[in-house]
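Peer 1: If you scroll down you'll find the structure; I have some questions about it.
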Amino acid sequence: MLLEAQGFEVVGEAENGPEAVELARRSKPDLVLMDLSMGERESSGLEAIRTLARELPDVRTVVLTASEEERDLFEALQAGAQGFIRKNITSEQFTDLLRKAAEGEPALTPDLARRILQAFSRRGAAEAVDPDALTERENDVLKLMVEGVTTNRSLARRLDVSENTVKFHVRNILDKFHVHNRAEAVGHALRNKLVTPD
């Protein structure tokens, strides 16, 4: 009711992870709201997120959960979730985050975004990364994303280019990092010290 009242069209509901994947395959939704624990197996939601990220990369999956565990947050994002929303936020925050996810932005409250940045900044460079993997312009885009400039419009304005050009550079960054979304790209950049945040 809340989603439909805010202009979202609900095209299906699932009771477990495999059912959610099958529904998504058929209906190709823009967004999937997924709990981590669905049905009998606790890992059902995570497995579904991984499958969707692999098979339907254009479908954005957002976790909606009551979990307070930091581990669940990181596992969901690593599995390919576009965002992580706790059930204790206001309806206005909820719908705002969903709209951001639909536009390709990370759907994270400021508190969760801060936790992610802190966790990645604590980690050393765990893997070798070619510093020349990105072009100069892709590096400019990545640096702005790390600084919190994430919408195509804002990136285009800061770089004085078109939104289509921004989309092209972001897609190249995701492909080169082998990640699914902008949140993962930012985490990858910080973890491997490719960008030093201001």
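Going through the structure tokens in order, the chains are called A, B, and so on, while each chain numbers its residues from 1 and the ligands are numbered from 1 in the order shown.
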Tell me which protein, DNA and RNA residues are within 12 Å of Ser154 (chain A), counting only C-alpha atoms, leaving out same-chain ones fewer than 6 positions away, and put them as a list in words.
Peer 2: Glu105, Val141, Leu144, Met145, Glu147, Gly148, Asp160, Val161, Ser162, Glu163, Val166 and Lys167 of chain A
Peer 1: Pull N, CA and C atoms from the residues just selected and write them as a JSON list (two decimals), in the first residue's frame.
Peer 2:
[["chain", "number", "residue", "atom", "x", "y", "z"],
["A", 105, "GLU", "N", 21.64, 4.97, -7.94],
["A", 105, "GLU", "CA", 22.44, 5.42, -6.80],
["A", 105, "GLU", "C", 22.43, 4.37, -5.70],
["A", 141, "VAL", "N", 35.76, 10.74, -12.39],
["A", 141, "VAL", "CA", 34.42, 10.29, -12.00],
["A", 141, "VAL", "C", 34.48, 9.52, -10.69],
["A", 144, "LEU", "N", 34.99, 11.71, -7.58],
["A", 144, "LEU", "CA", 33.76, 12.41, -7.18],
["A", 144, "LEU", "C", 32.79, 11.45, -6.50],
["A", 145, "MET", "N", 32.70, 10.21, -7.00],
["A", 145, "MET", "CA", 31.81, 9.24, -6.38],
["A", 145, "MET", "C", 32.25, 8.93, -4.95],
["A", 147, "GLU", "N", 33.73, 10.96, -3.05],
["A", 147, "GLU", "CA", 33.42, 12.14, -2.25],
["A", 147, "GLU", "C", 31.92, 12.30, -2.00],
["A", 148, "GLY", "N", 31.11, 11.40, -2.58],
["A", 148, "GLY", "CA", 29.68, 11.44, -2.31],
["A", 148, "GLY", "C", 28.84, 12.01, -3.43],
["A", 160, "ASP", "N", 31.29, 18.97, -16.23],
["A", 160, "ASP", "CA", 30.93, 19.73, -17.42],
["A", 160, "ASP", "C", 30.85, 18.83, -18.66],
["A", 161, "VAL", "N", 30.16, 17.70, -18.48],
["A", 161, "VAL", "CA", 29.92, 16.78, -19.60],
["A", 161, "VAL", "C", 28.44, 16.39, -19.57],
["A", 162, "SER", "N", 28.00, 15.61, -20.56],
["A", 162, "SER", "CA", 26.61, 15.18, -20.60],
["A", 162, "SER", "C", 26.38, 14.00, -19.64],
["A", 163, "GLU", "N", 25.11, 13.78, -19.27],
["A", 163, "GLU", "CA", 24.79, 12.64, -18.41],
["A", 163, "GLU", "C", 25.09, 11.32, -19.11],
["A", 166, "VAL", "N", 28.65, 10.56, -18.59],
["A", 166, "VAL", "CA", 28.86, 10.06, -17.23],
["A", 166, "VAL", "C", 28.48, 8.59, -17.14],
["A", 167, "LYS", "N", 27.33, 8.23, -17.70],
["A", 167, "LYS", "CA", 26.89, 6.83, -17.67],
["A", 167, "LYS", "C", 27.93, 5.92, -18.33]]
Peer 1: What's around Leu73 (chain A) at 9 Å? Count only C-alpha atoms, leave out sequence neighbours fewer than 4 positions away in its own chain, and write the answer as a ChimeraX atom specification.
Peer 2: /A:63,67-69,77-78,83-84,112,116
Peer 1: Those residues with N, CA and C atoms, as a compact mmCIF listing (two decimals), in the first residue's frame please?
Peer 2:
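What ended up in again_36.txt:
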# COMPACT_ATOMS: atom_id res chain seq x y z
N VAL A 63 17.99 -4.46 -0.24
CA VAL A 63 17.66 -5.26 0.94
C VAL A 63 16.81 -4.42 1.89
N SER A 67 17.53 -6.48 10.36
CA SER A 67 18.84 -6.84 10.90
C SER A 67 19.66 -5.61 11.28
N GLU A 68 20.33 -5.70 12.41
CA GLU A 68 21.25 -4.65 12.86
C GLU A 68 22.70 -5.09 12.69
N GLU A 69 22.91 -6.29 12.12
CA GLU A 69 24.25 -6.85 12.00
C GLU A 69 25.03 -6.19 10.86
N LEU A 77 25.87 -6.21 0.15
CA LEU A 77 26.50 -5.37 -0.87
C LEU A 77 27.48 -6.17 -1.71
N GLN A 78 28.22 -7.07 -1.08
CA GLN A 78 29.15 -7.91 -1.83
C GLN A 78 28.41 -8.86 -2.76
N GLY A 83 21.39 -1.52 -2.45
CA GLY A 83 21.19 -0.76 -1.22
C GLY A 83 20.80 -1.66 -0.07
N PHE A 84 20.74 -1.06 1.10
CA PHE A 84 20.45 -1.79 2.34
C PHE A 84 19.61 -0.86 3.21
N LEU A 112 24.69 4.15 7.54
CA LEU A 112 25.24 2.93 6.94
C LEU A 112 26.37 3.26 5.97
N ILE A 116 30.32 1.86 6.14
CA ILE A 116 31.02 1.22 5.02
C ILE A 116 32.36 1.91 4.79
Peer 1: Restricting the calculation to only C-alpha atoms, which member of A:Gln6, A:Asn172, A:Thr151, A:Ser37 is positioned closest to Leu134 (chain A)?
Peer 2: A:Asn172
Peer 1: DSSP on the backbone: which residues in region 33-135 of chain A end up as alpha helix (DSSP H)? Give the answer as a PyMOL selection string.
Peer 2: chain A and resi 44-55+70-79+91-102+110-122
Peer 1: Write a file of the just-selected residues containing N, CA and C atoms, as a short mmCIF file (atom, residue, chain, number, x, y, z; two decimals), in the first residue's frame.
Peer 2:
data_model
loop_
_atom_site.label_atom_id
_atom_site.label_comp_id
_atom_site.auth_asym_id
_atom_site.auth_seq_id
_atom_site.Cartn_x
_atom_site.Cartn_y
_atom_site.Cartn_z
N SER A 44 18.68 -17.73 2.01
CA SER A 44 17.85 -17.68 0.81
C SER A 44 17.90 -16.32 0.12
N GLY A 45 17.82 -15.25 0.90
CA GLY A 45 17.83 -13.90 0.33
C GLY A 45 19.16 -13.56 -0.32
N LEU A 46 20.27 -13.89 0.35
CA LEU A 46 21.60 -13.61 -0.20
C LEU A 46 21.84 -14.38 -1.50
N GLU A 47 21.42 -15.63 -1.51
CA GLU A 47 21.60 -16.44 -2.72
C GLU A 47 20.80 -15.84 -3.87
N ALA A 48 19.61 -15.35 -3.57
CA ALA A 48 18.78 -14.74 -4.60
C ALA A 48 19.42 -13.46 -5.13
N ILE A 49 20.02 -12.66 -4.25
CA ILE A 49 20.69 -11.42 -4.67
C ILE A 49 21.84 -11.75 -5.61
N ARG A 50 22.62 -12.77 -5.27
CA ARG A 50 23.74 -13.15 -6.13
C ARG A 50 23.24 -13.60 -7.51
N THR A 51 22.17 -14.38 -7.52
CA THR A 51 21.63 -14.88 -8.78
C THR A 51 21.11 -13.73 -9.64
N LEU A 52 20.39 -12.81 -9.00
CA LEU A 52 19.86 -11.66 -9.75
C LEU A 52 20.97 -10.78 -10.30
N ALA A 53 22.01 -10.54 -9.50
CA ALA A 53 23.13 -9.72 -9.95
C ALA A 53 23.83 -10.35 -11.15
N ARG A 54 23.89 -11.68 -11.15
CA ARG A 54 24.55 -12.40 -12.23
C ARG A 54 23.68 -12.49 -13.49
N GLU A 55 22.41 -12.82 -13.30
CA GLU A 55 21.53 -13.08 -14.44
C GLU A 55 20.79 -11.84 -14.96
N GLU A 70 26.22 -5.70 11.18
CA GLU A 70 27.07 -5.08 10.16
C GLU A 70 27.47 -6.11 9.11
N ARG A 71 27.66 -7.36 9.55
CA ARG A 71 28.03 -8.43 8.62
C ARG A 71 26.99 -8.59 7.51
N ASP A 72 25.70 -8.49 7.88
CA ASP A 72 24.64 -8.62 6.88
C ASP A 72 24.72 -7.51 5.84
N LEU A 73 25.05 -6.30 6.30
CA LEU A 73 25.20 -5.17 5.38
C LEU A 73 26.27 -5.45 4.35
N PHE A 74 27.46 -5.87 4.79
CA PHE A 74 28.56 -6.10 3.87
C PHE A 74 28.31 -7.29 2.96
N GLU A 75 27.71 -8.35 3.51
CA GLU A 75 27.44 -9.53 2.68
C GLU A 75 26.44 -9.19 1.58
N ALA A 76 25.44 -8.38 1.91
CA ALA A 76 24.42 -8.01 0.92
C ALA A 76 25.03 -7.19 -0.20
N LEU A 77 25.87 -6.21 0.15
CA LEU A 77 26.50 -5.37 -0.87
C LEU A 77 27.48 -6.17 -1.71
N GLN A 78 28.22 -7.07 -1.08
CA GLN A 78 29.15 -7.91 -1.83
C GLN A 78 28.41 -8.86 -2.76
N ALA A 79 27.20 -9.26 -2.37
CA ALA A 79 26.41 -10.16 -3.21
C ALA A 79 25.86 -9.43 -4.43
N SER A 91 8.69 6.42 6.43
CA SER A 91 8.20 6.10 5.10
C SER A 91 8.80 7.05 4.06
N GLU A 92 9.03 8.31 4.45
CA GLU A 92 9.62 9.27 3.53
C GLU A 92 11.05 8.88 3.17
N GLN A 93 11.83 8.48 4.19
CA GLN A 93 13.20 8.03 3.93
C GLN A 93 13.19 6.79 3.03
N PHE A 94 12.27 5.90 3.34
CA PHE A 94 12.17 4.64 2.60
C PHE A 94 11.94 4.88 1.11
N THR A 95 10.92 5.68 0.80
CA THR A 95 10.60 5.91 -0.62
C THR A 95 11.69 6.74 -1.31
N ASP A 96 12.33 7.64 -0.57
CA ASP A 96 13.42 8.43 -1.15
C ASP A 96 14.59 7.53 -1.53
N LEU A 97 14.93 6.58 -0.65
CA LEU A 97 16.02 5.65 -0.94
C LEU A 97 15.69 4.74 -2.12
N LEU A 98 14.44 4.33 -2.21
CA LEU A 98 14.04 3.48 -3.34
C LEU A 98 14.16 4.23 -4.66
N ARG A 99 13.77 5.49 -4.65
CA ARG A 99 13.88 6.28 -5.87
C ARG A 99 15.35 6.45 -6.27
N LYS A 100 16.21 6.63 -5.27
CA LYS A 100 17.64 6.73 -5.57
C LYS A 100 18.15 5.43 -6.19
N ALA A 101 17.71 4.30 -5.64
CA ALA A 101 18.14 3.01 -6.17
C ALA A 101 17.66 2.85 -7.61
N ALA A 102 16.44 3.28 -7.89
CA ALA A 102 15.90 3.17 -9.24
C ALA A 102 16.71 3.99 -10.24
N PRO A 110 22.72 7.69 5.66
CA PRO A 110 24.04 8.24 5.96
C PRO A 110 24.81 7.43 6.99
N ASP A 111 24.11 6.88 7.98
CA ASP A 111 24.76 6.09 9.01
C ASP A 111 25.42 4.84 8.42
N LEU A 112 24.69 4.15 7.54
CA LEU A 112 25.24 2.93 6.94
C LEU A 112 26.37 3.26 5.97
N ALA A 113 26.22 4.35 5.22
CA ALA A 113 27.29 4.76 4.30
C ALA A 113 28.57 5.06 5.08
N ARG A 114 28.42 5.71 6.24
CA ARG A 114 29.57 6.03 7.08
C ARG A 114 30.25 4.75 7.58
N ARG A 115 29.44 3.76 7.96
CA ARG A 115 30.01 2.49 8.43
C ARG A 115 30.83 1.81 7.35
N ILE A 116 30.32 1.86 6.14
CA ILE A 116 31.02 1.22 5.02
C ILE A 116 32.36 1.91 4.79
N LEU A 117 32.35 3.24 4.74
CA LEU A 117 33.58 3.98 4.51
C LEU A 117 34.60 3.73 5.62
N GLN A 118 34.14 3.67 6.86
CA GLN A 118 35.04 3.42 7.98
C GLN A 118 35.64 2.02 7.88
N ALA A 119 34.80 1.05 7.52
CA ALA A 119 35.29 -0.33 7.43
C ALA A 119 36.32 -0.48 6.32
N PHE A 120 36.06 0.12 5.17
CA PHE A 120 37.00 0.01 4.07
C PHE A 120 38.29 0.77 4.35
N SER A 121 38.18 1.90 5.04
CA SER A 121 39.39 2.67 5.33
C SER A 121 40.28 1.94 6.33
N ARG A 122 39.69 1.03 7.13
CA ARG A 122 40.48 0.25 8.10
C ARG A 122 41.21 -0.89 7.42
#
Peer 1: What is the distance between CA of Glu138 (chain A) and CA of His169 (chain A), in Å to one decimal?
Peer 2: 5.6 Å
Peer 1: Please determine, counting only C-alpha atoms, which residue among A:Met34, A:Arg171, A:Ala156, A:Lys28 has the shortest atom-to-atom distance to Glu13 (chain A).
Peer 2: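 Nearest candidate to Glu13 (chain A) out of A:Met34, A:Arg171, A:Ala156, A:Lys28: A:Met34.
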Peer 1: Taking the DSSP secondary structure from the backbone, can you list the residues of region 22-108 of chain A that are strand (DSSP E or B), as a PyMOL selection string?
Peer 2: chain A and resi 31-34+38+41+60-65+83-86+107-108
Peer 1: To one decimal place, how far is CA of Arg86 (chain A) from CA of Thr65 (chain A) in Å?
Peer 2: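 Distance reported for this atom pair: 5.0 Å.
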Peer 1: Kindly indicate which residue among A:Leu194, A:Ala185, A:Val170, A:Ala24 lies nearest to Asn152 (chain A), using only C-alpha atoms for the distances.
Peer 2: A:Val170
Peer 1: Using only C-alpha atoms, which residues sit within 8 Å of His180 (chain A) once same-chain residues fewer than 2 positions away are excluded, as JSON, numbers by chain?
Peer 2: {"A": [53, 57, 80, 174, 178, 182, 184, 185]}
Peer 1: Can you work out the spacing between CA of Lys193 (chain A) and CA of Thr165 (chain A) in Å, to one decimal?
Peer 2: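 Interatomic distance, CA of Lys193 (chain A) to CA of Thr165 (chain A): 25.1 Å.
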